[in-house]
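Just coords.cif here, mmCIF, C-alpha atoms:
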data_model
loop_
_atom_site.label_atom_id
_atom_site.label_comp_id
_atom_site.auth_asym_id
_atom_site.auth_seq_id
_atom_site.Cartn_x
_atom_site.Cartn_y
_atom_site.Cartn_z
CA MET A 768 91.56 116.07 87.51
CA PRO A 769 89.71 115.14 84.31
CA SER A 770 86.84 112.68 84.33
CA PHE A 771 87.32 109.27 82.75
CA GLU A 772 85.85 110.61 79.50
CA ASP A 773 88.14 113.61 79.14
CA VAL A 774 91.20 113.88 76.94
CA LEU A 775 93.38 116.85 77.83
CA ILE A 776 96.15 118.37 75.74
CA ILE A 777 99.08 119.23 77.98
CA SER A 778 102.32 121.02 77.25
CA GLU A 779 105.82 119.88 78.10
CA LYS A 780 105.98 122.62 80.74
CA THR A 781 102.80 121.30 82.37
CA ARG A 782 104.34 117.85 82.54
CA GLU A 783 107.42 119.33 84.18
CA ASP A 784 105.44 121.47 86.63
CA TYR A 785 103.10 118.63 87.58
CA PRO A 786 105.11 115.40 87.41
CA TRP A 787 102.41 113.55 89.35
CA LEU A 788 100.23 113.71 86.22
CA ASN A 789 102.36 110.92 84.82
CA GLY A 790 101.69 108.80 87.86
CA TYR A 791 99.36 106.06 89.02
CA TRP A 792 95.99 107.36 87.82
CA CYS A 793 96.93 109.03 84.55
CA HIS A 794 98.20 107.94 81.18
CA ILE A 795 100.13 110.29 78.88
CA ASN A 796 100.53 109.59 75.20
CA GLU A 797 102.63 112.33 73.64
CA ASP A 798 100.68 115.49 74.59
CA LEU A 799 97.39 113.76 75.47
CA LEU A 800 96.41 113.07 79.08
CA THR A 801 93.72 110.56 80.03
CA LEU A 802 92.84 108.52 83.07
CA ASN A 803 94.12 104.96 83.07
CA ARG A 804 90.93 102.93 82.53
CA GLU A 805 92.76 99.73 83.40
CA LEU A 806 92.46 100.87 87.03
CA LEU A 807 88.67 100.96 86.87
CA HIS A 808 87.92 97.82 88.86
CA GLU A 809 84.68 95.92 89.40
CA ASN A 810 84.21 97.25 92.93
CA THR A 811 84.18 100.79 91.52
CA ARG A 812 81.62 99.76 88.91
CA SER A 813 79.48 98.22 91.65
CA LEU A 814 79.66 101.41 93.68
CA ALA A 815 78.74 103.46 90.61
CA ARG A 816 75.76 101.17 90.02
CA PHE A 817 74.56 101.66 93.62
CA ILE A 818 74.97 105.45 93.43
CA ALA A 819 73.14 105.49 90.09
CA ASP A 820 70.25 103.51 91.59
CA LEU A 821 70.12 105.88 94.56
CA CYS A 822 70.16 108.99 92.36
CA ARG A 823 67.56 107.55 90.00
CA ASN A 824 65.23 106.62 92.87
CA ILE A 825 65.56 110.02 94.48
CA LEU A 826 64.89 111.83 91.20
CA GLN A 827 61.76 109.74 90.61
CA ARG A 828 60.43 110.12 94.16
CA ALA A 829 58.32 113.15 95.12
CA PRO A 830 60.24 115.50 97.46
CA ARG A 831 58.93 116.19 100.94
CA PHE A 832 59.33 119.64 102.43
CA ARG A 833 57.81 119.40 105.89
CA CYS A 834 60.66 118.09 108.02
CA PHE A 835 61.66 121.65 109.03
CA GLY A 836 65.16 120.53 110.04
CA LEU A 837 63.89 118.84 113.18
CA HIS A 838 66.61 116.17 113.00
CA GLU A 839 69.11 118.54 114.66
CA TRP A 840 66.65 119.10 117.49
CA ALA A 841 66.14 115.38 117.94
CA MET A 842 69.92 115.00 118.25
CA VAL A 843 70.01 117.18 121.38
CA TYR A 844 66.69 116.18 122.93
CA LYS A 845 67.09 115.85 126.73
CA LEU A 846 70.90 115.84 126.60
CA PRO A 847 73.05 117.78 129.08
CA GLN A 848 75.30 120.45 127.58
CA ASP A 849 78.46 118.39 127.89
CA ALA A 850 76.89 115.52 125.93
CA LEU A 851 75.93 117.60 122.88
CA ARG A 852 77.68 116.88 119.58
CA HIS A 853 78.60 120.57 119.36
CA ASN A 854 79.00 121.19 123.07
CA GLY A 855 81.11 124.28 122.46
CA GLN A 856 77.96 126.05 121.25
CA ARG A 857 75.08 127.09 123.45
CA LEU A 858 71.47 126.28 122.67
CA ARG A 859 68.97 128.99 121.78
CA LEU A 860 66.25 127.64 124.08
CA PRO A 861 66.29 126.39 127.66
CA PRO A 862 66.35 122.55 127.79
CA LYS A 863 62.74 122.35 128.97
CA ASP A 864 61.42 124.60 126.19
CA LEU A 865 63.48 122.69 123.62
CA ALA A 866 62.10 119.37 124.83
CA ASN A 867 58.53 120.68 124.79
CA PHE A 868 58.94 121.83 121.20
CA VAL A 869 60.33 118.49 120.03
CA GLU A 870 57.50 116.65 121.78
CA SER A 871 54.93 118.87 120.05
CA GLN A 872 56.18 118.05 116.56
CA THR A 873 55.77 115.20 114.09
CA ILE A 874 59.27 114.27 112.96
CA CYS A 875 59.59 112.57 109.57
CA CYS A 876 63.32 112.11 109.02
CA SER A 877 64.05 109.74 106.11
CA HIS A 878 67.85 109.89 106.19
CA TYR A 879 69.74 107.14 107.98
CA ASP A 880 72.88 109.19 108.70
CA ALA A 881 70.78 111.86 110.39
CA TYR A 882 68.41 109.53 112.21
CA ARG A 883 71.19 107.44 113.74
CA PHE A 884 72.30 110.47 115.77
CA PHE A 885 68.88 110.99 117.37
CA THR A 886 68.95 110.60 121.11
CA ASP A 887 67.40 107.37 122.36
CA GLU A 888 64.47 109.30 123.80
CA ALA A 889 63.80 111.12 120.50
CA ARG A 890 63.73 108.07 118.23
CA SER A 891 60.13 107.23 119.06
CA PHE A 892 59.00 110.63 117.75
CA ASN A 893 60.11 109.82 114.21
CA THR A 894 57.36 108.47 111.98
CA LEU A 895 59.95 106.61 109.87
CA ASN A 896 62.66 104.11 110.70
CA PRO A 897 65.46 104.66 108.16
CA VAL A 898 68.24 102.07 108.26
CA ILE A 899 71.24 101.69 106.00
CA GLU A 900 69.68 98.69 104.27
CA THR A 901 66.65 100.75 103.15
CA ARG A 902 68.54 103.80 101.89
CA LEU A 903 67.45 103.16 98.29
CA GLN A 904 63.81 103.06 99.34
CA MET A 905 63.80 105.87 101.90
CA GLU A 906 65.82 108.82 100.62
CA GLN A 907 64.08 111.65 98.78
CA SER A 908 65.14 114.91 97.16
CA GLY A 909 63.60 117.25 99.70
CA CYS A 910 66.03 115.94 102.32
CA LEU A 911 68.84 118.36 103.08
CA HIS A 912 71.24 115.55 103.99
CA ALA A 913 70.46 113.49 100.89
CA ASN A 914 71.39 116.50 98.76
CA MET A 915 74.53 117.28 100.78
CA ASP A 916 75.50 113.64 100.23
CA LEU A 917 76.04 114.36 96.54
CA TYR A 918 79.53 115.50 97.52
CA LYS A 919 80.16 112.28 99.44
CA TRP A 920 79.04 110.06 96.56
CA ALA A 921 80.97 112.06 93.97
CA THR A 922 84.22 111.90 95.94
CA LYS A 923 83.82 108.16 96.50
CA LEU A 924 84.10 107.80 92.72
CA TRP A 925 87.16 110.01 92.34
CA PRO A 926 89.02 110.19 90.00
CA TRP A 927 86.41 108.78 87.60
CA VAL A 928 84.13 111.66 88.50
CA GLY A 929 85.88 114.83 87.44
CA SER A 930 86.91 117.67 89.71
CA ASN A 931 84.33 120.07 88.25
CA LEU A 932 81.39 118.03 89.53
CA ILE A 933 83.12 117.36 92.84
CA ALA A 934 83.69 121.10 93.30
CA LYS A 935 80.05 121.90 92.52
CA THR A 936 78.74 119.32 94.97
CA PHE A 937 81.18 120.56 97.62
CA MET A 938 79.87 124.12 97.33
CA LEU A 939 76.31 122.78 97.45
CA GLY A 940 77.19 120.85 100.60
CA LEU A 941 78.51 124.01 102.26
CA LYS A 942 75.24 125.81 101.55
CA GLY A 943 73.28 122.85 102.86
CA ARG A 944 75.26 122.68 106.06
CA GLU A 945 74.74 126.38 106.64
CA LEU A 946 70.98 125.97 106.28
CA ASP A 947 71.13 122.87 108.46
CA MET A 948 72.82 124.64 111.34
CA ARG A 949 70.86 127.88 111.05
CA ALA A 950 67.68 125.84 111.57
CA SER A 951 69.22 123.91 114.46
CA PRO A 952 68.71 124.71 118.14
CA TYR A 953 72.30 126.01 118.40
CA ASP A 954 72.94 129.76 118.64
CA LEU A 955 75.51 130.55 115.94
CA THR A 956 74.72 134.25 115.61
CA ALA A 957 78.17 135.28 116.81
CA ASP A 958 79.68 133.20 114.00
CA GLY A 959 77.67 135.05 111.37
CA PHE A 960 74.79 132.58 111.00
CA PRO A 961 71.49 134.08 112.18
CA PRO A 962 69.00 131.41 113.23
CA ILE A 963 65.99 130.23 111.29
CA CYS A 964 63.63 129.86 114.21
CA ILE A 965 61.67 126.79 113.18
CA GLU A 966 59.94 126.84 116.55
CA THR A 967 57.84 129.66 115.05
CA GLU A 968 55.42 129.54 112.12
CA GLU A 969 57.40 132.24 110.31
CA GLY A 970 60.63 130.29 110.78
CA ARG A 971 59.14 127.06 109.47
CA LYS A 972 57.93 128.89 106.37
CA GLN A 973 61.38 130.38 105.83
CA TYR A 974 63.05 126.99 106.23
CA GLN A 975 60.67 125.35 103.79
CA GLU A 976 61.29 128.03 101.15
CA GLU A 977 65.06 127.74 101.48
CA GLN A 978 64.82 123.95 101.47
CA GLN A 979 62.93 124.08 98.18
CA ARG A 980 65.52 126.37 96.61
CA PHE A 981 68.31 124.11 97.82
CA THR A 982 66.60 121.05 96.33
CA ALA A 983 66.20 122.84 92.99
CA CYS A 984 69.96 123.49 92.94
CA ALA A 985 70.71 119.85 93.75
CA VAL A 986 68.59 118.29 90.99
CA PRO A 987 70.87 119.06 88.01
CA MET A 988 73.92 117.90 89.97
CA ARG A 989 72.18 114.65 90.83
CA GLU A 990 71.25 114.19 87.18
CA GLU A 991 74.86 114.81 86.18
CA LEU A 992 76.18 112.36 88.75
CA LEU A 993 73.65 109.77 87.61
CA ALA A 994 74.76 110.13 83.99
CA VAL A 995 78.43 109.74 84.96
CA CYS A 996 77.68 106.67 87.09
CA GLU A 997 75.76 105.01 84.28
CA LYS A 998 78.75 105.47 81.97
CA ILE A 999 81.21 104.18 84.57
CA TYR A 1000 79.43 100.91 85.31
CA SER A 1001 78.78 100.34 81.60
CA LEU A 1002 82.48 100.36 80.70
#

Would you mind giving the structure from this file in structure tokens?
Amino acid sequence: MPSFEDVLIISEKTREDYPWLNGYWCHINEDLLTLNRELLHENTRSLARFIADLCRNILQRAPRFRCFGLHEWAMVYKLPQDALRHNGQRLRLPPKDLANFVESQTICCSHYDAYRFFTDEARSFNTLNPVIETRLQMEQSGCLHANMDLYKWATKLWPWVGSNLIAKTFMLGLKGRELDMRASPYDLTADGFPPICIETEEGRKQYQEEQQRFTACAVPMREELLAVCEKIYSL
């Protein structure tokens, strides 16, 4: 799909092959295809304004690269196997060793949608208390989940955000999730994802380096999403 700014030239054959283009979201004038801006309602503008504020705040805030992916460990802390979110996967460490490692760390998770899945016993280890109401103040660009969220925010503004940006943020999200789970306490080696053993100094260094590269990839996409949001809520 085009973004709200695009004007596409389409042939008669394209119109015949894709009749849905002349449907709810699109407007065709002779051979020109555009999105129907009359469907851009105030609630969409409000959402675009919120996403713009979030992107702007994150871009202006210094990234932090010392969380080491500990959120996934806090999500399994002192849980029996059958209570794990991914209980079809085994853990790399015995429960006691896993618990000892979590207890030895300083957890600094700033992302609400990660923190809310911490076990009750693990919440007290987090130095922050992210809640949905403080998302604008808490999120920062070093956070793996905040960068994976670019796909979520872009799709929430579909079709006003074009498919190209949505596709880029989707591929970024896949890479982020892979890093997320490789650094987790789950053993996914058989699925082709060798672990990043953050319980070791070498593993923490590796995670931090990959986290920094991932953040660098996310920055231009966040800037692009911000620019689109600013145009949407200004219409």

Closest to Asn914 of chain A among A:Ala815, A:Leu992, A:Leu788, A:Ala866, using only C-alpha atoms? A:Leu992

Do you know which residues the PyMOL selection byres ((chain A and resi 791-802) around 12) returns on this file, as a ChimeraX atom specification? /A:768-782,785-790,803-807,925-929

Step by step, work through what the PyMOL selection byres ((chain A and resi 884) around 12) selects in the shown file, and finish by giving those residues as a list of chain:residue names. A:His838, A:Glu839, A:Trp840, A:Ala841, A:Met842, A:Val843, A:Tyr844, A:Leu851, A:Arg852, A:Cys876, A:His878, A:Tyr879, A:Asp880, A:Ala881, A:Tyr882, A:Arg883, A:Phe885, A:Thr886, A:Asp887, A:Glu888, A:Ala889, A:Arg890, A:Pro897, A:Val898

Evaluate the PyMOL selection byres ((chain A and resi 920) around 10) and record the selected residues as a list of chain:residue names, following the chain and residue labels used in the document.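 Written out, the selection comes to A:Leu814, A:Ala815, A:Phe817, A:Ile818, A:Ala819, A:Cys822, A:Met915, A:Asp916, A:Leu917, A:Tyr918, A:Lys919, A:Ala921, A:Thr922, A:Lys923, A:Leu924, A:Trp925, A:Val928, A:Ile933, A:Thr936, A:Leu992.
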
Quick one, how far is atom CA of Thr956 of chain A from atom CA of Gln979 of chain A?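 Separation between atom CA of Thr956 of chain A and atom CA of Gln979 of chain A: 23.4 Å.
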
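Between Ala950 of chain A and the candidates A:Leu932, A:Ala994, A:Leu903, A:Leu837, the tightest atom-to-atom separation, counting only C-alpha atoms, involves A:Leu837.
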
Pick out the residues sitting within 8 Å of Tyr1000 of chain A, and hand them over as a list in words; count all atoms listed in the file, and ignore anything fewer than 6 positions along from it in its own chain.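 Using all atoms listed in the file, the neighbours found are Thr811, Arg812, Ser813, Ala815 and Arg816 of chain A.
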